[in-house]
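Participant: data_36.tsv is the file, holding TSV, C-alpha atoms:
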```tsv
chain	number	residue	atom	x	y	z
M	1	MET	CA	0.00	0.00	0.00
M	2	ASP	CA	1.49	3.37	-1.01
M	3	GLY	CA	1.62	6.51	1.12
M	4	MET	CA	-1.47	8.06	-0.48
M	5	GLN	CA	-3.56	5.02	0.37
M	6	VAL	CA	-2.25	5.02	3.94
M	7	PHE	CA	-3.17	8.70	4.31
M	8	ASN	CA	-6.64	8.17	2.81
M	9	GLY	CA	-7.27	5.28	5.16
M	10	ALA	CA	-6.01	7.14	8.22
M	11	MET	CA	-8.12	10.20	7.41
M	12	SER	CA	-11.31	8.22	6.89
M	13	LYS	CA	-10.74	6.08	9.97
M	14	ASN	CA	-10.16	9.09	12.21
M	15	LEU	CA	-13.24	10.94	11.00
M	16	ILE	CA	-15.55	7.95	10.95
M	17	GLU	CA	-14.42	5.97	14.01
M	18	ASN	CA	-13.05	8.63	16.36
M	19	ALA	CA	-16.30	10.41	17.11
M	20	LYS	CA	-15.64	11.38	20.72
M	21	PHE	CA	-15.73	15.02	19.68
M	22	LEU	CA	-19.48	14.56	19.02
M	23	LEU	CA	-20.30	13.86	22.69
M	24	GLY	CA	-23.11	16.13	23.79
M	25	ARG	CA	-23.72	17.27	20.21
M	26	ALA	CA	-26.56	14.99	19.14
M	27	ASN	CA	-27.70	17.68	16.72
M	28	TYR	CA	-24.65	16.84	14.56
M	29	LEU	CA	-25.04	13.04	14.47
M	30	LYS	CA	-27.21	12.90	11.34
M	31	THR	CA	-24.86	15.14	9.37
M	32	HIS	CA	-21.77	13.26	10.61
M	33	ALA	CA	-23.27	9.96	9.44
M	34	MET	CA	-24.05	11.48	6.04
M	35	ILE	CA	-20.51	12.85	5.71
M	36	ALA	CA	-19.03	9.50	6.77
M	37	ARG	CA	-20.92	7.73	3.98
M	38	LYS	CA	-19.81	10.38	1.50
M	39	LEU	CA	-16.14	9.93	2.52
M	40	LYS	CA	-16.20	6.31	1.36
M	41	LYS	CA	-17.97	7.22	-1.87
M	42	GLN	CA	-15.48	10.00	-2.62
M	43	GLU	CA	-12.48	7.74	-2.10
M	44	LYS	CA	-13.85	5.31	-4.69
M	45	ILE	CA	-14.28	8.19	-7.16
M	46	ARG	CA	-10.66	9.29	-6.65
M	47	VAL	CA	-9.38	5.76	-7.14
M	48	GLU	CA	-11.35	5.35	-10.38
M	49	ILE	CA	-10.12	8.68	-11.78
M	50	LEU	CA	-6.54	7.78	-10.98
M	51	LYS	CA	-6.96	4.37	-12.61
M	52	ASN	CA	-8.82	5.51	-15.72
M	53	ASP	CA	-7.58	9.07	-16.33
M	54	HIS	CA	-4.24	8.97	-14.47
M	55	ILE	CA	-5.20	12.12	-12.55
M	56	THR	CA	-4.31	12.42	-8.86
M	57	VAL	CA	-7.23	14.00	-6.99
M	58	PRO	CA	-6.55	15.03	-3.38
M	59	PRO	CA	-9.00	14.11	-0.61
M	60	ILE	CA	-8.56	17.63	0.83
M	61	LEU	CA	-9.00	20.89	-1.07
M	62	ILE	CA	-7.68	24.04	0.62
M	63	ILE	CA	-9.11	27.30	-0.72
M	64	SER	CA	-7.90	30.70	0.41
M	65	VAL	CA	-11.00	32.69	-0.45
M	66	THR	CA	-9.45	36.11	0.23
M	67	ASN	CA	-6.27	37.70	1.50
M	68	ASP	CA	-8.19	40.48	3.22
M	69	CYS	CA	-8.22	40.34	7.00
M	70	ASN	CA	-9.40	42.40	9.95
M	71	LEU	CA	-6.14	41.67	11.80
M	72	ILE	CA	-2.46	42.16	11.02
M	73	CYS	CA	-0.73	39.29	12.83
M	74	LYS	CA	3.02	38.98	13.23
M	75	GLY	CA	4.48	36.34	10.92
M	76	CYS	CA	1.31	35.92	8.82
M	77	TYR	CA	2.21	33.95	5.67
M	78	ALA	CA	-0.83	35.27	3.79
M	79	CYS	CA	0.23	38.89	4.35
M	80	ALA	CA	3.77	38.04	3.24
M	81	GLN	CA	2.54	36.88	-0.18
M	82	HIS	CA	1.12	40.27	-1.29
M	83	ARG	CA	-1.65	38.91	-3.55
M	84	VAL	CA	-3.37	41.45	-5.79
M	85	LYS	CA	-6.84	42.24	-4.42
M	86	GLU	CA	-8.28	42.99	-7.87
M	87	ASP	CA	-7.32	39.50	-9.05
M	88	GLU	CA	-9.25	37.68	-6.33
M	89	MET	CA	-11.71	34.97	-7.27
M	90	THR	CA	-15.40	35.81	-7.14
M	91	ILE	CA	-17.79	33.79	-5.02
M	92	ASP	CA	-19.03	32.18	-8.26
M	93	ASP	CA	-15.45	31.11	-9.07
M	94	ILE	CA	-15.15	29.53	-5.62
M	95	ASP	CA	-18.50	27.77	-5.94
M	96	ARG	CA	-17.53	26.31	-9.32
M	97	ILE	CA	-14.18	25.04	-8.04
M	98	VAL	CA	-15.77	23.43	-4.98
M	99	LYS	CA	-18.39	21.68	-7.13
M	100	GLU	CA	-15.73	20.44	-9.56
M	101	GLY	CA	-13.67	19.18	-6.62
M	102	ILE	CA	-16.59	17.27	-5.10
M	103	ASP	CA	-17.45	15.76	-8.48
M	104	LEU	CA	-13.81	14.57	-8.74
M	105	GLY	CA	-13.85	12.95	-5.30
M	106	VAL	CA	-12.68	15.66	-2.91
M	107	SER	CA	-13.88	14.74	0.59
M	108	ILE	CA	-13.06	17.79	2.70
M	109	VAL	CA	-12.84	21.48	1.86
M	110	LEU	CA	-10.71	23.72	4.06
M	111	ILE	CA	-11.70	27.39	3.80
M	112	ALA	CA	-8.84	29.73	4.62
M	113	GLY	CA	-7.78	33.34	4.11
M	114	GLY	CA	-6.91	36.04	5.08
M	115	GLU	CA	-10.10	36.06	7.07
M	116	PRO	CA	-12.74	34.01	5.21
M	117	LEU	CA	-15.68	35.76	6.84
M	118	VAL	CA	-14.87	39.06	5.11
M	119	LYS	CA	-15.70	37.31	1.81
M	120	GLU	CA	-19.31	38.16	1.07
M	121	ASN	CA	-21.67	35.15	0.90
M	122	ILE	CA	-18.91	32.63	1.72
M	123	LEU	CA	-21.23	30.68	4.03
M	124	ASN	CA	-23.50	29.96	1.05
M	125	ILE	CA	-20.89	27.46	-0.18
M	126	PRO	CA	-21.14	24.91	2.68
M	127	LYS	CA	-24.90	25.45	2.78
M	128	LYS	CA	-25.08	24.27	-0.82
M	129	TYR	CA	-23.05	21.05	-0.40
M	130	LYS	CA	-24.57	19.60	2.76
M	131	ASP	CA	-22.90	16.16	2.65
M	132	THR	CA	-19.37	17.53	2.28
M	133	LEU	CA	-17.33	18.55	5.33
M	134	PHE	CA	-16.15	22.17	5.37
M	135	VAL	CA	-13.57	23.37	7.88
M	136	MET	CA	-13.19	27.14	8.12
M	137	PHE	CA	-10.08	28.75	9.64
M	138	THR	CA	-11.04	32.10	11.14
M	139	ASN	CA	-9.77	34.54	13.73
M	140	GLY	CA	-13.31	34.41	15.14
M	141	LEU	CA	-13.73	38.12	15.72
M	142	LEU	CA	-16.47	38.50	13.10
M	143	ILE	CA	-18.66	35.79	14.66
M	144	ASP	CA	-21.28	38.00	16.26
M	145	ASP	CA	-24.77	36.87	17.31
M	146	HIS	CA	-26.12	36.98	13.74
M	147	MET	CA	-23.13	35.10	12.29
M	148	ARG	CA	-23.25	32.53	15.09
M	149	ASN	CA	-26.93	31.80	14.43
M	150	GLU	CA	-26.15	31.30	10.75
M	151	ILE	CA	-23.26	28.92	11.51
M	152	LYS	CA	-25.48	27.03	13.98
M	153	ASN	CA	-27.67	25.91	11.10
M	154	ILE	CA	-24.78	24.72	8.88
M	155	LYS	CA	-23.98	21.34	10.44
M	156	ASN	CA	-21.36	20.42	7.84
M	157	LEU	CA	-19.27	23.49	8.71
M	158	ILE	CA	-16.75	23.50	11.54
M	159	PRO	CA	-15.25	26.88	12.48
M	160	ILE	CA	-11.64	26.70	13.67
M	161	LEU	CA	-10.67	29.76	15.71
M	162	SER	CA	-7.03	30.81	15.86
M	163	LEU	CA	-5.05	31.18	19.08
M	164	GLU	CA	-1.32	31.35	19.81
M	165	GLY	CA	-1.53	29.83	23.29
M	166	ASP	CA	-2.44	31.89	26.35
M	167	GLU	CA	-3.49	35.54	26.52
M	168	LYS	CA	0.07	36.89	26.51
M	169	ALA	CA	1.20	34.82	23.51
M	170	THR	CA	-1.99	35.45	21.50
M	171	ASP	CA	-2.13	39.22	22.07
M	172	GLU	CA	1.57	39.55	21.34
M	173	ARG	CA	1.15	38.14	17.83
M	174	ARG	CA	-2.47	39.09	17.10
M	175	GLY	CA	-3.10	42.35	18.96
M	176	ASP	CA	-4.23	43.58	22.36
M	177	GLY	CA	-7.51	42.12	23.56
M	178	VAL	CA	-7.77	39.48	20.84
M	179	TYR	CA	-7.46	36.53	23.24
M	180	LYS	CA	-10.36	37.59	25.48
M	181	ASN	CA	-12.54	38.33	22.47
M	182	VAL	CA	-11.85	34.93	20.92
M	183	ILE	CA	-12.48	33.12	24.20
M	184	GLY	CA	-15.78	34.97	24.48
M	185	VAL	CA	-16.77	33.81	21.00
M	186	MET	CA	-15.83	30.22	21.93
M	187	GLU	CA	-18.00	30.38	25.04
M	188	ASN	CA	-20.97	31.54	22.97
M	189	LEU	CA	-20.39	28.79	20.39
M	190	ASP	CA	-20.32	26.21	23.18
M	191	THR	CA	-23.51	27.58	24.72
M	192	ASP	CA	-25.22	27.16	21.35
M	193	LYS	CA	-23.82	23.59	21.09
M	194	ILE	CA	-21.90	24.40	17.93
M	195	ILE	CA	-18.95	22.14	17.19
M	196	PHE	CA	-15.82	24.26	16.88
M	197	GLY	CA	-12.09	23.92	17.22
M	198	THR	CA	-8.94	25.94	17.47
M	199	SER	CA	-5.84	26.33	15.35
M	200	ILE	CA	-2.56	27.01	17.13
M	201	THR	CA	0.72	27.82	15.45
M	202	LEU	CA	3.32	25.80	17.35
M	203	THR	CA	6.63	27.53	17.97
M	204	ARG	CA	9.68	26.64	20.00
M	205	GLU	CA	8.50	29.20	22.55
M	206	ASN	CA	4.88	28.11	23.06
M	207	TYR	CA	5.26	24.33	22.61
M	208	ASN	CA	5.59	23.47	26.30
M	209	LEU	CA	2.62	25.69	27.17
M	210	ILE	CA	0.34	24.18	24.53
M	211	THR	CA	1.10	20.59	25.54
M	212	ARG	CA	0.63	21.18	29.28
M	213	PRO	CA	-2.33	19.25	30.77
M	214	GLU	CA	-3.71	22.47	32.27
M	215	TYR	CA	-3.84	24.17	28.89
M	216	LEU	CA	-5.42	21.20	27.13
M	217	MET	CA	-7.98	20.78	29.91
M	218	GLY	CA	-8.82	24.45	29.51
M	219	LEU	CA	-9.56	23.90	25.82
M	220	LYS	CA	-11.79	20.95	26.69
M	221	LYS	CA	-13.70	22.88	29.35
M	222	ILE	CA	-14.43	25.77	27.01
M	223	GLY	CA	-15.98	23.32	24.54
M	224	CYS	CA	-13.21	22.99	21.98
M	225	ARG	CA	-13.63	19.66	20.14
M	226	ILE	CA	-10.85	19.90	17.53
M	227	VAL	CA	-7.32	21.28	17.66
M	228	PHE	CA	-5.03	21.88	14.69
M	229	LEU	CA	-1.41	22.11	15.82
M	230	ILE	CA	0.39	23.78	12.93
M	231	GLU	CA	4.17	23.92	12.93
M	232	TYR	CA	5.49	27.43	12.56
M	233	VAL	CA	6.71	28.33	9.07
M	234	PRO	CA	9.32	31.15	9.12
M	235	SER	CA	7.74	33.33	6.43
M	236	ASN	CA	9.37	36.36	8.06
M	237	GLY	CA	12.73	34.64	8.52
M	238	GLU	CA	12.46	33.97	12.29
M	239	MET	CA	14.09	30.53	12.20
M	240	ASP	CA	14.64	30.56	15.97
M	241	LEU	CA	10.88	30.07	16.44
M	242	CYS	CA	10.87	26.73	14.55
M	243	LEU	CA	10.27	23.59	16.60
M	244	THR	CA	13.33	21.69	17.79
M	245	LYS	CA	13.89	18.15	16.55
M	246	LYS	CA	12.96	16.89	20.01
M	247	GLN	CA	9.68	18.82	19.93
M	248	LYS	CA	8.86	17.53	16.44
M	249	LYS	CA	9.37	13.96	17.60
M	250	ASP	CA	7.36	14.52	20.79
M	251	LEU	CA	4.46	16.03	18.82
M	252	ILE	CA	3.65	12.67	17.21
M	253	GLY	CA	2.95	11.14	20.61
M	254	GLN	CA	1.14	14.23	21.84
M	255	ILE	CA	-1.51	13.90	19.13
M	256	LYS	CA	-2.50	10.41	20.31
M	257	HIS	CA	-2.38	11.54	23.94
M	258	ILE	CA	-4.68	14.52	23.33
M	259	GLN	CA	-7.27	12.39	21.53
M	260	LYS	CA	-7.25	9.73	24.23
M	261	GLU	CA	-7.13	11.86	27.38
M	262	TYR	CA	-9.16	14.91	26.39
M	263	SER	CA	-11.57	13.61	23.71
M	264	ILE	CA	-10.31	16.36	21.42
M	265	PHE	CA	-9.79	15.51	17.77
M	266	ALA	CA	-6.13	16.51	17.32
M	267	ILE	CA	-4.40	17.09	13.99
M	268	ALA	CA	-0.74	18.01	13.48
M	269	LEU	CA	0.32	19.79	10.32
M	270	PRO	CA	2.42	18.81	8.48
M	271	GLY	CA	2.65	15.87	10.92
M	272	ASP	CA	4.73	12.75	10.46
M	273	GLN	CA	4.94	12.82	6.65
M	274	ALA	CA	7.55	10.07	6.53
M	275	GLN	CA	4.86	7.47	7.35
M	276	PHE	CA	3.01	8.58	4.19
M	277	GLY	CA	6.08	8.40	1.98
M	278	GLY	CA	6.94	12.10	2.02
M	279	CYS	CA	5.24	15.47	1.52
M	280	LEU	CA	1.45	15.27	1.17
M	281	ALA	CA	1.23	18.47	-0.87
M	282	ALA	CA	0.72	18.66	-4.65
M	283	ALA	CA	-2.52	16.59	-4.43
M	284	ARG	CA	-1.10	13.50	-2.68
M	285	GLY	CA	-3.12	14.57	0.37
M	286	PHE	CA	-4.11	18.12	-0.39
M	287	VAL	CA	-3.74	20.96	-2.86
M	288	HIS	CA	-4.14	24.70	-2.39
M	289	ILE	CA	-6.12	27.20	-4.43
M	290	SER	CA	-4.95	30.76	-3.81
M	291	SER	CA	-7.27	33.74	-3.47
M	292	THR	CA	-6.34	34.68	-7.04
M	293	GLY	CA	-7.12	31.22	-8.44
M	294	ASN	CA	-3.65	29.71	-8.72
M	295	ILE	CA	-3.39	26.00	-8.02
M	296	GLU	CA	-0.44	25.50	-5.70
M	297	ALA	CA	1.14	22.48	-4.04
M	298	CYS	CA	0.89	24.07	-0.60
M	299	PRO	CA	-0.43	27.29	1.02
M	300	PHE	CA	3.10	28.18	2.12
M	301	THR	CA	4.61	27.87	-1.37
M	302	PRO	CA	2.92	30.38	-3.72
M	303	ILE	CA	4.31	28.93	-6.94
M	304	SER	CA	2.00	27.81	-9.75
M	305	ASP	CA	1.79	26.98	-13.42
M	306	SER	CA	-2.02	26.92	-13.69
M	307	ASN	CA	-4.88	29.26	-12.81
M	308	LEU	CA	-8.45	28.12	-12.19
M	309	LYS	CA	-10.00	31.24	-13.62
M	310	GLU	CA	-8.69	30.00	-16.95
M	311	LYS	CA	-9.20	26.23	-16.72
M	312	SER	CA	-11.13	23.55	-14.87
M	313	LEU	CA	-9.90	21.92	-11.67
M	314	LYS	CA	-9.57	18.62	-13.52
M	315	ASP	CA	-7.23	20.19	-16.07
M	316	ALA	CA	-5.31	22.09	-13.40
M	317	LEU	CA	-4.69	18.90	-11.41
M	318	GLN	CA	-2.73	17.63	-14.41
M	319	SER	CA	-0.21	20.41	-13.81
M	320	LYS	CA	3.36	19.46	-14.68
M	321	LEU	CA	4.53	21.22	-11.52
M	322	LEU	CA	2.30	19.19	-9.21
M	323	LYS	CA	3.33	15.97	-10.94
M	324	ALA	CA	7.04	16.78	-10.58
M	325	ILE	CA	6.64	17.49	-6.86
M	326	ARG	CA	4.77	14.22	-6.33
M	327	GLU	CA	7.42	12.26	-8.20
M	328	ASN	CA	10.08	13.70	-5.89
M	329	LYS	CA	8.14	13.22	-2.65
M	330	HIS	CA	10.94	11.05	-1.22
M	331	LEU	CA	13.14	14.16	-1.17
M	332	LEU	CA	10.56	16.06	0.89
M	333	GLU	CA	10.24	14.22	4.19
M	334	GLU	CA	11.64	16.60	6.80
M	335	ALA	CA	11.97	20.35	7.24
M	336	GLN	CA	13.68	22.56	9.77
M	337	GLY	CA	10.56	24.71	9.79
M	338	GLY	CA	6.97	23.55	9.33
M	339	CYS	CA	6.98	23.20	5.53
M	340	VAL	CA	9.58	21.35	3.49
M	341	LEU	CA	8.38	22.93	0.23
M	342	TYR	CA	8.75	26.42	1.70
M	343	GLU	CA	12.37	25.63	2.46
M	344	ASN	CA	12.91	24.40	-1.09
M	345	GLN	CA	11.18	27.19	-3.04
M	346	GLN	CA	14.10	27.65	-5.42
M	347	TRP	CA	13.90	23.96	-6.32
M	348	VAL	CA	10.12	24.27	-6.86
M	349	GLU	CA	10.58	27.35	-9.06
M	350	GLY	CA	13.18	25.41	-11.05
M	351	LEU	CA	10.58	22.75	-11.85
M	352	ILE	CA	8.54	25.31	-13.79
M	353	SER	CA	11.46	26.45	-15.91
M	354	SER	CA	12.86	22.96	-16.53
```
Can you present the structure in this file as structure tokens?

Facilitator:
Amino acid sequence: MDGMQVFNGAMSKNLIENAKFLLGRANYLKTHAMIARKLKKQEKIRVEILKNDHITVPPILIISVTNDCNLICKGCYACAQHRVKEDEMTIDDIDRIVKEGIDLGVSIVLIAGGEPLVKENILNIPKKYKDTLFVMFTNGLLIDDHMRNEIKNIKNLIPILSLEGDEKATDERRGDGVYKNVIGVMENLDTDKIIFGTSITLTRENYNLITRPEYLMGLKKIGCRIVFLIEYVPSNGEMDLCLTKKQKKDLIGQIKHIQKEYSIFAIALPGDQAQFGGCLAAARGFVHISSTGNIEACPFTPISDSNLKEKSLKDALQSKLLKAIRENKHLLEEAQGGCVLYENQQWVEGLISS
């Protein structure tokens, strides 16, 4: 069994069998069952397309729907990319790409930004595709009472609110008062029995704090059901914030520990890619669509040879660049920072010109 099959199996098993995060959320059970059935159907579609058309379709589609944001966080990779606002995809572009992805076998759509909630009508997308799981990364500050009531009725959408650790660490990178505001939003989401999670950028400085039992228990008590632990990528050159080798190794065990002891669905990114035969970018596990429509191997590596405003997703997935990265996955197993492609951008750029 190759690395892609291992990843597909692990993803489906975790989502279908590890349902502890649904405790006390009976209002989500029907949708979860529908999504679980769809996961199996989508995997079969991807396998058939690979067999018959020789096209690698990722189970996860990441779409950055805008680069606009109501915050200016230190070290933000989206800000560092300086996308042109006028070139952004329209909501109709996004809808078309999502539909094409689902038709090709995509199982999960990750909505990212910038801040996704500044994109007008973005919540209409998950409303339209009710049996597909949407995960939305947001700073949470735009989730007022009206927005929360809307999210409450979209059972296939899971908002993931960003933190950096405790109040000091979060406000230092995101701005004064952000931590208390986000915690307040989380409390309201929990009161309304909405499934939500948090995304935390792991650095050398906050790693010990994030993995402390007291911190994890605090997340559980506030109602957090999912945690994305994302290794810091030095987009601003701060290499001294990257995880140590010891921390990277420890993180693998921490994920299992968090799921077992706190009933929180824990996901590390990029995680232990070696077990999947190398980097999962370039459609082996996921692919990224930028706010301007470029298909990219990874959100942290804004290099592309195809744009989805000009061609279909099916055609774009046949990109020579994505294929070359997949064929060299064995060279992309470990990074000093959180993204091996980011650290090899010159090599990636060379693939386009070769």

Participant: In Å to one decimal, how far is atom CA of M:Asp176 from atom CA of M:Ile226?

Facilitator: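 Computing the Euclidean distance for atom CA of M:Ile226 and atom CA of M:Asp176 yields 25.1 Å.
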
Participant: Taking 3 positions as the minimum chain separation for residues in the same chain, which residues sit within 7 Å of M:Phe137 when counting all atoms listed in the file? Answer as a PyMOL selection string.

Facilitator: chain M and resi 111-112+159-161

Participant: For stretch 239-256 of chain M, please output as a PDB file with C-alpha atoms, in the coordinates of the input all residues within 10 Å (counting all atoms listed in the file; exclusion window: fewer than 5 positions along the same chain).

Facilitator:
```pdb
ATOM      1  CA  LEU M 202       3.320  25.800  17.350  1.00  0.00           C
ATOM      2  CA  THR M 203       6.630  27.530  17.970  1.00  0.00           C
ATOM      3  CA  ARG M 204       9.680  26.640  20.000  1.00  0.00           C
ATOM      4  CA  GLU M 205       8.500  29.200  22.550  1.00  0.00           C
ATOM      5  CA  ASN M 206       4.880  28.110  23.060  1.00  0.00           C
ATOM      6  CA  TYR M 207       5.260  24.330  22.610  1.00  0.00           C
ATOM      7  CA  ASN M 208       5.590  23.470  26.300  1.00  0.00           C
ATOM      8  CA  THR M 211       1.100  20.590  25.540  1.00  0.00           C
ATOM      9  CA  VAL M 227      -7.320  21.280  17.660  1.00  0.00           C
ATOM     10  CA  PHE M 228      -5.030  21.880  14.690  1.00  0.00           C
ATOM     11  CA  LEU M 229      -1.410  22.110  15.820  1.00  0.00           C
ATOM     12  CA  GLU M 231       4.170  23.920  12.930  1.00  0.00           C
ATOM     13  CA  TYR M 232       5.490  27.430  12.560  1.00  0.00           C
ATOM     14  CA  VAL M 233       6.710  28.330   9.070  1.00  0.00           C
ATOM     15  CA  PRO M 234       9.320  31.150   9.120  1.00  0.00           C
ATOM     16  CA  GLU M 261      -7.130  11.860  27.380  1.00  0.00           C
ATOM     17  CA  ILE M 264     -10.310  16.360  21.420  1.00  0.00           C
ATOM     18  CA  PHE M 265      -9.790  15.510  17.770  1.00  0.00           C
ATOM     19  CA  ALA M 266      -6.130  16.510  17.320  1.00  0.00           C
ATOM     20  CA  ILE M 267      -4.400  17.090  13.990  1.00  0.00           C
ATOM     21  CA  ALA M 268      -0.740  18.010  13.480  1.00  0.00           C
ATOM     22  CA  GLY M 271       2.650  15.870  10.920  1.00  0.00           C
ATOM     23  CA  ASP M 272       4.730  12.750  10.460  1.00  0.00           C
ATOM     24  CA  ALA M 335      11.970  20.350   7.240  1.00  0.00           C
ATOM     25  CA  GLN M 336      13.680  22.560   9.770  1.00  0.00           C
ATOM     26  CA  GLY M 337      10.560  24.710   9.790  1.00  0.00           C
ATOM     27  CA  GLY M 338       6.970  23.550   9.330  1.00  0.00           C
TER      28      GLY M 338
END
```

Participant: So how far away is atom CA of M:Cys224 from atom CA of M:Met186, in Å?

Facilitator: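 We find that atom CA of M:Met186 and atom CA of M:Cys224 lie 7.7 Å from each other.
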
Participant: Which one is closest to M:Leu29: M:Asn124, M:Asn156, M:Ile49, M:Pro302? Count all atoms listed in the file.

Facilitator: M:Asn156

Participant: Using atom CA of M:Ile35 and atom CA of M:Leu22 as the two end points, give the distance in Å to one decimal.

Facilitator: 13.5 Å

Participant: Please list as a VMD selection string every residue within 9 Å of M:Pro299, counting all atoms listed in the file and excluding residues in the same chain fewer than 3 positions away.

Facilitator: chain M and resid 62 to 64 77 to 78 287 to 290 296 302

Participant: I'd like to know which of M:Met34, M:Leu163, M:Ile60, M:Ile195 is closest to M:Ala281, using only C-alpha atoms.

Facilitator: M:Ile60

Participant: Up to 12 Å from (-12.8, 39.1, 23.4) in the file's coordinates: name the residues, counting only C-alpha atoms, as a list in words.

Facilitator: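 It turns out the residues near that spot are Asn139, Gly140, Leu141, Leu142, Ile143, Asp144, Leu163, Glu167, Thr170, Asp171, Gly175, Asp176, Gly177, Val178, Tyr179, Lys180, Asn181, Val182, Ile183, Gly184, Val185, Met186, Glu187 and Asn188 of chain M.
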
Participant: Let me make sure I understand: among M:Asp95, M:Glu115, M:Asp53, M:Asp145, which one has the smallest atom-to-atom distance to M:Thr191 if we use only C-alpha atoms?

Facilitator: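 Result for the nearest residue to M:Thr191: M:Asp145.
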
Participant: Compare M:Asp131, M:Glu120, M:Asp68, M:Glu343 by their minimum atom-to-atom distance to M:Lys30, counting only C-alpha atoms, and give me the closest one.

Facilitator: M:Asp131

Participant: For M:Ile258, which residue out of M:Tyr28, M:Phe300, M:Phe21, M:Phe196 is the nearest one, using only C-alpha atoms?

Facilitator: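 Nearest candidate to M:Ile258 out of M:Tyr28, M:Phe300, M:Phe21, M:Phe196: M:Phe21.
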
Participant: Out of M:Glu310, M:Glu327, M:Glu150, M:Asp315, which residue has the shortest atom-to-atom distance to M:Met89 when counting only C-alpha atoms?

Facilitator: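 Smallest separation from M:Met89 among the options: M:Glu310.
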